[in-house]
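Asks: Sharing my_file26.csv, CSV, C-alpha atoms:
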chain,number,residue,atom,x,y,z
A,15,ASN,CA,23.0,20.9,32.0
A,16,ARG,CA,20.2,21.6,34.5
A,17,PRO,CA,21.4,22.3,38.1
A,18,ALA,CA,20.3,19.8,40.7
A,19,ALA,CA,19.4,22.6,43.1
A,20,LEU,CA,16.4,23.5,41.0
A,21,ILE,CA,14.4,20.7,42.6
A,22,LEU,CA,11.9,22.1,45.0
A,23,PRO,CA,10.1,20.5,48.0
A,24,THR,CA,6.8,21.5,46.5
A,25,CYS,CA,5.8,24.5,44.4
A,26,GLN,CA,3.8,27.3,45.9
A,27,SER,CA,0.9,29.1,44.2
A,28,GLU,CA,3.0,32.2,43.3
A,29,GLN,CA,5.7,30.0,41.7
A,30,LEU,CA,3.0,28.1,39.8
A,31,ARG,CA,1.4,31.4,38.6
A,32,ASN,CA,4.8,32.7,37.4
A,33,LEU,CA,5.4,29.4,35.7
A,34,LEU,CA,2.1,29.4,33.9
A,35,GLU,CA,2.7,32.9,32.6
A,36,ALA,CA,5.9,31.7,31.0
A,37,LYS,CA,4.4,28.6,29.3
A,38,ASP,CA,2.0,28.2,26.5
A,39,PHE,CA,1.9,24.4,26.2
A,40,ILE,CA,1.3,22.0,29.1
A,41,LEU,CA,2.1,18.4,28.3
A,42,LEU,CA,0.5,15.9,30.7
A,43,ASP,CA,1.0,12.3,31.2
A,44,CYS,CA,-2.3,10.5,32.0
A,45,ASP,CA,-2.1,7.5,34.4
A,46,GLY,CA,-0.8,8.7,37.8
A,47,VAL,CA,-1.2,12.4,36.9
A,48,ILE,CA,-4.9,13.0,36.0
A,49,TRP,CA,-6.3,9.5,36.8
A,50,HIS,CA,-5.6,6.1,38.3
A,51,GLY,CA,-7.3,3.6,36.1
A,52,GLU,CA,-11.0,4.5,36.1
A,53,THR,CA,-10.8,7.1,38.9
A,54,ALA,CA,-9.8,10.7,38.3
A,55,VAL,CA,-7.3,12.3,40.5
A,56,THR,CA,-9.1,14.7,42.9
A,57,GLY,CA,-9.2,18.2,41.3
A,58,ALA,CA,-7.5,17.1,38.0
A,59,ALA,CA,-10.5,17.6,35.8
A,60,LYS,CA,-11.0,21.1,37.1
A,61,ALA,CA,-7.3,21.9,36.8
A,62,VAL,CA,-7.3,20.8,33.1
A,63,SER,CA,-10.4,22.8,32.4
A,64,SER,CA,-8.8,25.8,34.0
A,65,LEU,CA,-5.6,25.5,32.0
A,66,ILE,CA,-7.6,25.4,28.8
A,67,ARG,CA,-9.9,28.2,29.9
A,68,HIS,CA,-6.8,30.4,30.5
A,69,GLY,CA,-5.6,29.8,27.0
A,70,LYS,CA,-3.0,27.1,27.6
A,71,HIS,CA,-2.5,24.4,24.9
A,72,VAL,CA,-3.0,21.2,26.9
A,73,VAL,CA,-1.6,18.1,25.3
A,74,PHE,CA,-1.7,14.5,26.7
A,75,VAL,CA,1.2,12.2,26.1
A,76,THR,CA,0.9,8.6,27.2
A,77,ASN,CA,2.9,5.4,26.6
A,78,ASN,CA,-0.3,3.4,26.9
A,79,CYS,CA,-0.8,1.8,23.5
A,80,THR,CA,-3.8,-0.4,24.3
A,81,ARG,CA,-6.6,1.9,23.1
A,82,PRO,CA,-7.1,4.2,20.1
A,83,ARG,CA,-7.4,7.9,20.6
A,84,GLU,CA,-11.2,7.8,20.0
A,85,SER,CA,-11.4,5.5,23.0
A,86,TYR,CA,-9.4,7.9,25.0
A,87,VAL,CA,-11.8,10.7,24.2
A,88,HIS,CA,-14.6,8.6,25.7
A,89,LYS,CA,-12.6,7.9,28.8
A,90,PHE,CA,-11.7,11.6,29.3
A,91,CYS,CA,-15.4,12.5,29.1
A,92,ARG,CA,-16.4,9.6,31.3
A,93,LEU,CA,-14.1,10.8,34.1
A,94,GLY,CA,-15.2,14.4,33.8
A,95,PHE,CA,-12.6,15.9,31.4
A,96,THR,CA,-15.2,17.3,29.1
A,97,ASP,CA,-13.0,19.9,27.4
A,98,VAL,CA,-10.6,17.4,25.8
A,99,MET,CA,-10.5,16.9,22.0
A,100,LEU,CA,-9.0,14.1,19.9
A,101,GLU,CA,-6.2,16.3,18.5
A,102,GLN,CA,-4.9,16.9,22.1
A,103,ILE,CA,-4.1,13.2,22.6
A,104,PHE,CA,-0.7,11.7,21.6
A,105,SER,CA,-0.4,8.1,22.5
A,106,SER,CA,2.5,5.8,21.7
A,107,SER,CA,0.2,3.8,19.3
A,108,TYR,CA,-0.8,7.0,17.4
A,109,CYS,CA,2.8,8.2,17.2
A,110,SER,CA,3.9,4.7,16.0
A,111,ALA,CA,1.4,5.0,13.2
A,112,LEU,CA,2.7,8.4,12.3
A,113,TYR,CA,6.3,7.2,12.3
A,114,LEU,CA,5.5,4.2,10.1
A,115,ARG,CA,3.4,6.3,7.6
A,116,ASP,CA,5.2,9.6,7.5
A,117,VAL,CA,8.8,9.1,8.6
A,118,VAL,CA,10.0,5.7,7.3
A,119,LYS,CA,7.1,5.5,4.8
A,120,VAL,CA,6.9,1.7,5.2
A,121,ARG,CA,6.2,-0.2,2.0
A,122,GLY,CA,4.9,-3.5,3.0
A,123,GLN,CA,3.1,-5.0,6.0
A,124,VAL,CA,3.8,-4.5,9.7
A,125,TYR,CA,3.8,-7.4,12.1
A,126,VAL,CA,2.2,-6.1,15.3
A,127,MET,CA,2.7,-7.6,18.7
A,128,GLY,CA,0.1,-5.6,20.6
A,129,CYS,CA,-3.6,-5.1,21.5
A,130,ASP,CA,-6.4,-4.2,19.1
A,131,GLY,CA,-6.0,-0.5,19.9
A,132,LEU,CA,-2.5,-0.5,18.4
A,133,ARG,CA,-3.8,-2.2,15.3
A,134,THR,CA,-6.7,0.3,15.1
A,135,GLU,CA,-4.3,3.3,15.0
A,136,LEU,CA,-2.1,1.8,12.3
A,137,GLU,CA,-5.0,0.8,10.1
A,138,GLY,CA,-6.6,4.3,10.6
A,139,ALA,CA,-3.4,5.8,9.3
A,140,GLY,CA,-3.4,3.4,6.3
A,141,VAL,CA,-0.5,1.2,7.5
A,142,PRO,CA,-1.2,-2.4,6.6
A,143,CYS,CA,-0.8,-5.0,9.3
A,144,VAL,CA,-0.3,-8.8,9.0
A,145,GLU,CA,-3.5,-10.6,9.7
A,146,GLU,CA,-3.2,-13.3,12.4
A,147,ALA,CA,-5.0,-16.4,11.0
A,148,ASP,CA,-3.2,-19.4,12.3
A,149,GLU,CA,-5.0,-22.6,12.8
A,150,ALA,CA,-5.4,-24.0,16.3
A,151,GLY,CA,-2.3,-25.9,17.3
A,152,ALA,CA,0.0,-24.2,14.8
A,153,THR,CA,3.6,-23.9,15.7
A,154,ILE,CA,6.6,-22.0,14.4
A,155,TYR,CA,7.5,-25.2,12.4
A,156,ASP,CA,4.3,-25.2,10.3
A,157,CYS,CA,2.7,-21.8,10.5
A,158,ALA,CA,2.5,-19.4,7.6
A,159,LEU,CA,4.9,-16.4,7.5
A,160,ALA,CA,4.0,-13.3,5.5
A,161,ALA,CA,6.4,-12.6,2.7
A,162,ASP,CA,6.3,-8.8,2.7
A,163,VAL,CA,6.8,-7.8,6.4
A,164,LYS,CA,8.9,-4.6,6.5
A,165,ALA,CA,8.5,-3.8,10.2
A,166,VAL,CA,7.9,-5.5,13.5
A,167,LEU,CA,6.1,-3.2,16.1
A,168,VAL,CA,6.1,-4.4,19.7
A,169,GLY,CA,3.6,-3.1,22.2
A,170,HIS,CA,1.7,-4.4,25.2
A,171,ASP,CA,0.0,-7.6,24.1
A,172,ASP,CA,-2.4,-9.2,26.6
A,173,LYS,CA,-2.8,-12.2,24.3
A,174,LEU,CA,0.9,-12.9,23.9
A,175,THR,CA,1.9,-16.4,22.8
A,176,PHE,CA,5.2,-18.1,22.2
A,177,LEU,CA,4.2,-18.4,18.5
A,178,LYS,CA,4.0,-14.6,18.2
A,179,LEU,CA,7.5,-14.2,19.7
A,180,ALA,CA,8.9,-16.8,17.3
A,181,LYS,CA,7.3,-15.1,14.3
A,182,ALA,CA,8.7,-11.8,15.3
A,183,SER,CA,12.1,-13.3,15.7
A,184,CYS,CA,11.9,-14.8,12.2
A,185,TYR,CA,10.8,-11.5,10.6
A,186,LEU,CA,13.6,-9.7,12.3
A,187,ARG,CA,16.3,-11.9,10.8
A,188,ASP,CA,15.8,-9.7,7.7
A,189,PRO,CA,18.2,-6.7,8.2
A,190,ASP,CA,15.8,-4.6,6.2
A,191,CYS,CA,12.9,-5.3,8.5
A,192,LEU,CA,12.5,-2.4,10.9
A,193,PHE,CA,12.3,-3.1,14.6
A,194,LEU,CA,10.1,-0.7,16.6
A,195,ALA,CA,8.6,-0.5,20.1
A,196,THR,CA,5.9,1.7,21.4
A,197,ASP,CA,7.7,2.2,24.7
A,198,ASN,CA,10.3,0.6,27.1
A,199,ASP,CA,8.5,1.0,30.4
A,200,PRO,CA,9.6,-1.9,32.7
A,201,TRP,CA,6.2,-2.1,34.4
A,202,HIS,CA,2.8,-0.5,34.7
A,203,PRO,CA,0.9,0.1,38.0
A,204,LEU,CA,-2.5,-1.5,38.5
A,205,SER,CA,-5.1,-1.1,41.3
A,206,GLY,CA,-4.6,-2.9,44.5
A,207,GLY,CA,-0.8,-2.6,44.4
A,208,ARG,CA,-0.4,-5.0,41.5
A,209,ILE,CA,1.7,-4.3,38.5
A,210,LEU,CA,1.7,-5.3,34.8
A,211,PRO,CA,5.1,-6.2,33.3
A,212,GLY,CA,6.2,-4.0,30.5
A,213,PHE,CA,6.3,-6.5,27.6
A,214,CYS,CA,8.2,-4.2,25.4
A,215,PHE,CA,10.9,-3.8,28.0
A,216,PHE,CA,11.5,-7.5,28.4
A,217,PHE,CA,11.3,-8.3,24.7
A,218,LEU,CA,13.8,-5.6,24.0
A,219,LYS,CA,16.1,-6.7,26.8
A,220,TYR,CA,16.1,-10.3,26.0
A,221,HIS,CA,15.6,-10.5,22.3
A,222,CYS,CA,18.5,-12.6,21.2
A,223,GLN,CA,19.2,-12.1,17.5
A,224,PRO,CA,22.7,-13.0,16.5
A,225,LYS,CA,23.6,-9.3,16.0
A,226,CYS,CA,21.4,-8.0,18.8
A,227,ARG,CA,19.0,-5.8,16.9
A,228,LYS,CA,18.2,-2.6,18.7
A,229,ALA,CA,14.6,-1.3,18.5
A,230,THR,CA,13.6,2.3,17.8
A,231,VAL,CA,11.4,3.3,20.7
A,232,ILE,CA,8.6,5.6,19.7
A,233,GLY,CA,7.1,6.6,23.1
A,234,LYS,CA,8.6,8.5,26.0
A,235,PRO,CA,11.4,9.1,26.8
A,236,SER,CA,12.1,9.3,23.0
A,237,ARG,CA,12.0,12.7,21.4
A,238,PHE,CA,9.7,11.5,18.6
A,239,MET,CA,6.5,12.2,20.6
A,240,PHE,CA,7.4,15.8,21.0
A,241,GLU,CA,8.3,16.0,17.3
A,242,CYS,CA,4.7,14.8,16.6
A,243,ILE,CA,3.3,17.5,18.8
A,244,SER,CA,5.5,20.3,17.4
A,245,SER,CA,4.6,19.3,13.9
A,246,GLN,CA,0.9,19.7,14.6
A,247,PHE,CA,0.8,22.7,17.0
A,248,SER,CA,2.3,26.0,15.8
A,249,GLY,CA,4.5,27.6,18.5
A,250,ALA,CA,5.2,24.4,20.4
A,251,GLU,CA,8.8,25.4,21.1
A,252,PRO,CA,10.7,23.8,24.0
A,253,ALA,CA,11.0,27.0,26.0
A,254,LYS,CA,7.3,27.5,25.9
A,255,CYS,CA,6.4,23.9,27.1
A,256,LEU,CA,6.1,22.3,30.5
A,257,MET,CA,6.1,18.5,30.9
A,258,ILE,CA,4.2,17.2,33.9
A,259,GLY,CA,4.4,13.5,34.8
A,260,ASP,CA,4.6,11.0,37.6
A,261,ARG,CA,7.6,8.9,36.5
A,262,LEU,CA,11.1,10.1,36.6
A,263,GLU,CA,12.6,7.5,34.2
A,264,THR,CA,9.9,8.2,31.6
A,265,ASP,CA,8.3,11.6,31.9
A,266,MET,CA,11.1,13.6,33.4
A,267,LEU,CA,13.7,12.1,31.0
A,268,PHE,CA,11.3,12.7,28.1
A,269,GLY,CA,11.2,16.4,29.0
A,270,SER,CA,14.9,16.6,29.5
A,271,ASN,CA,15.6,14.9,26.2
A,272,CYS,CA,13.3,17.4,24.5
A,273,GLY,CA,14.7,20.5,26.3
A,274,LEU,CA,11.5,21.1,28.3
A,275,ASP,CA,11.0,22.2,31.8
A,276,THR,CA,9.7,19.3,33.9
A,277,MET,CA,7.4,18.9,36.8
A,278,LEU,CA,6.9,15.8,39.0
A,279,THR,CA,3.5,15.2,40.5
A,280,LEU,CA,3.5,12.9,43.6
A,281,THR,CA,0.2,11.1,42.8
A,282,GLY,CA,1.8,8.3,40.8
A,283,VAL,CA,4.9,6.1,40.6
A,284,SER,CA,7.9,8.3,41.6
A,285,GLN,CA,8.2,10.1,44.9
A,286,LEU,CA,10.3,12.9,46.3
A,287,GLU,CA,12.9,10.6,47.8
A,288,ASP,CA,13.4,9.0,44.3
A,289,ALA,CA,14.1,12.4,42.8
A,290,HIS,CA,16.5,13.3,45.7
A,291,GLU,CA,18.4,10.0,45.0
A,292,TYR,CA,18.9,11.0,41.4
A,293,ARG,CA,19.7,14.5,42.3
A,294,ASP,CA,22.5,13.3,44.7
A,295,SER,CA,23.8,10.7,42.3
A,296,GLU,CA,27.3,11.2,40.9
A,297,LEU,CA,26.3,9.8,37.5
A,298,SER,CA,25.8,12.6,35.0
A,299,ALA,CA,23.3,10.5,33.1
A,300,ASN,CA,20.9,10.8,36.1
A,301,ARG,CA,20.6,14.6,35.8
A,302,GLY,CA,17.9,14.3,33.2
A,303,LEU,CA,15.8,12.3,35.7
A,304,VAL,CA,15.6,15.2,38.2
A,305,PRO,CA,12.5,17.4,37.8
A,306,ASP,CA,12.7,21.1,37.7
A,307,TYR,CA,9.6,21.4,39.9
A,308,VAL,CA,7.5,19.2,42.2
A,309,VAL,CA,3.8,19.4,43.2
A,310,ASP,CA,1.8,17.1,45.3
A,311,SER,CA,-0.9,17.0,42.7
A,312,ILE,CA,-2.0,18.6,39.5
A,313,ALA,CA,-4.8,20.1,41.6
A,314,ASP,CA,-2.1,22.4,43.1
A,315,PHE,CA,-2.6,24.6,40.1
A,316,LEU,CA,-6.1,25.6,41.2
A,317,PRO,CA,-5.1,28.2,43.8
A,318,ALA,CA,-2.9,29.9,41.2
A,319,PHE,CA,-5.9,30.2,38.8
A,320,GLU,CA,-8.0,31.6,41.6
A,321,GLU,CA,-5.5,34.4,42.2
A,322,VAL,CA,-5.4,35.1,38.5
A,323,ASP,CA,-9.2,35.4,38.4
A,324,GLU,CA,-9.4,37.8,41.3
Re-express the file's structure as structure tokens.
Replies:
Amino acid sequence: NRPAALILPTCQSEQLRNLLEAKDFILLDCDGVIWHGETAVTGAAKAVSSLIRHGKHVVFVTNNCTRPRESYVHKFCRLGFTDVMLEQIFSSSYCSALYLRDVVKVRGQVYVMGCDGLRTELEGAGVPCVEEADEAGATIYDCALAADVKAVLVGHDDKLTFLKLAKASCYLRDPDCLFLATDNDPWHPLSGGRILPGFCFFFLKYHCQPKCRKATVIGKPSRFMFECISSQFSGAEPAKCLMIGDRLETDMLFGSNCGLDTMLTLTGVSQLEDAHEYRDSELSANRGLVPDYVVDSIADFLPAFEEVDE
């Protein structure tokens, strides 16, 4: 039960310095925190480099499932984040592959509704995926259905068709077929003020099986992403971790669910007035959406580092 009074207008360098001394692991969301699309947030690359240089374990947690981790490494480097290694990146696609391989140990094929990046992560983990090989003009009435589908994994799919939806619904009629989703974000910001609808959110909300199957969500705000991190990094205990993100309903709730201190950066989706609204809400469920700390930008860490180096 975190008191609502902990929310701060903005953190000062002394508060940030004290916070850094208490934390060994810094978990960072990507879009809206360190970059916007193909443009790095001003000062973000230097802040990340300083965190690493001062001995902090920096881990990136993103619900974006459209690209494999190798592609993320290239993007980090392209935008000036030259200190980032593959093992620091935890995407919802990578964690989905770990869940299927190591947790449920799926024995059979996975029907994937998602981009090539999601398939790449699954195949890299040795998780077999159903191959899409329908003839032009095929419909749910005459298309082939795989016989050994043991899981349906839903992610962002920019080539979504009604046939894919119908196939997924057919596979999910089997009660032994797992139903998974990379995330449940309702929308994703694009440049120019446009948004991309969160396909997982709408599919999960309106999927009408007779018994209303409920999907297991892998990405934030689910705890599983943190379980992946703590299994791969020794000492990644909640008390030693700080989650920094730009979205209250995803990043702050993820941190709250995992017992982490949380920090909202105002360079992305959620703003201070949104946090105040949740803080003042009478609903106890909204307390997990209130950040412990607020900064204007991840670059606000830089003065704290300068004082440490003096």
Asks: Write out as a tab-separated table the residues of range 73-106 of chain A that have any atom within 10 Å of an atom of range 249-264 of chain A, one row each with the nearest atom pair and its distance in Å to one decimal, counting all atoms listed in the file, sorted by chain and then rising number.
Replies:
residue	atom	partner	partner_atom	distance
A:Val73	CA	A:Met257	CA	9.5
A:Phe74	CA	A:Ile258	CA	9.7
A:Val75	CA	A:Met257	CA	9.3
A:Thr76	CA	A:Gly259	CA	9.7
A:Asn77	CA	A:Thr264	CA	9.0
Asks: Set the distance at 12 Å and use all atoms listed in the file: which residues neighbour Val117 in chain A once local chain neighbours fewer than 5 positions away are removed? I'd like the list as a count of residues only.
Replies: 8
Asks: Hey, what's within 7 Å of Pro305 in chain A if we count all atoms listed in the file and toss same-chain stuff fewer than 3 positions away? As a ChimeraX atom specification, please?
Replies: /A:21,266,276-278,308
Asks: To one decimal place in Å, what is the distance between CA of Tyr86 in chain A and CA of Leu100 in chain A?
Replies: 8.0 Å
Asks: Need the shell around range 176-187 of chain A: protein/DNA/RNA residues with any atom at most 7 Å away, counting all atoms listed in the file. Skip same-chain ones fewer than 3 positions apart. Format as a PyMOL selection string?
Replies: chain A and resi 153-154+163+166+191
Asks: Expressed in Å to a single decimal, how great is the separation between CA of Lys234 in chain A and CA of Asp197 in chain A?
Replies: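 About the pair CA of Lys234 in chain A and CA of Asp197 in chain A: they are 6.5 Å apart.
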Asks: Could you check the closest approach to Ala152 in chain A for each of A:Asp275, A:Thr175, A:Gly207, A:Val87 and tell me which residue wins, using all atoms listed in the file?
Replies: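 Nearest to Ala152 in chain A: A:Thr175.
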Asks: Tell me, as a list in words, which residues lie within 9 Å of Arg133 in chain A, counting only C-alpha atoms; anything in the same chain fewer than 4 positions away does not count.
Replies: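 Once the adjacent positions are removed, what remains is Pro82, Ser107, Val126, Gly128, Cys129, Glu137, Gly138 and Cys143 of chain A.
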Asks: What does the distance between CA of Ala313 in chain A and CA of Thr56 in chain A come to in Å, to one decimal place?
Replies: 7.0 Å
Asks: Please determine, counting all atoms listed in the file, which residue among A:His202, A:His50, A:Arg81, A:Lys228 has the shortest atom-to-atom distance to Gly131 in chain A.
Replies: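 Smallest separation from Gly131 in chain A among the options: A:Arg81.
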Asks: Taking into account all atoms listed in the file, which residue in the set A:Val72, A:Ser270, A:Ser311, A:Asp116 is nearest to Leu41 in chain A?
Replies: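 Result for the nearest residue to Leu41 in chain A: A:Val72.
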Asks: Calculated over all atoms listed in the file, which of the candidates A:Gly51, A:Asn78, A:Gln123, A:Phe247 has the smallest distance to Ala195 in chain A?
Replies: A:Asn78
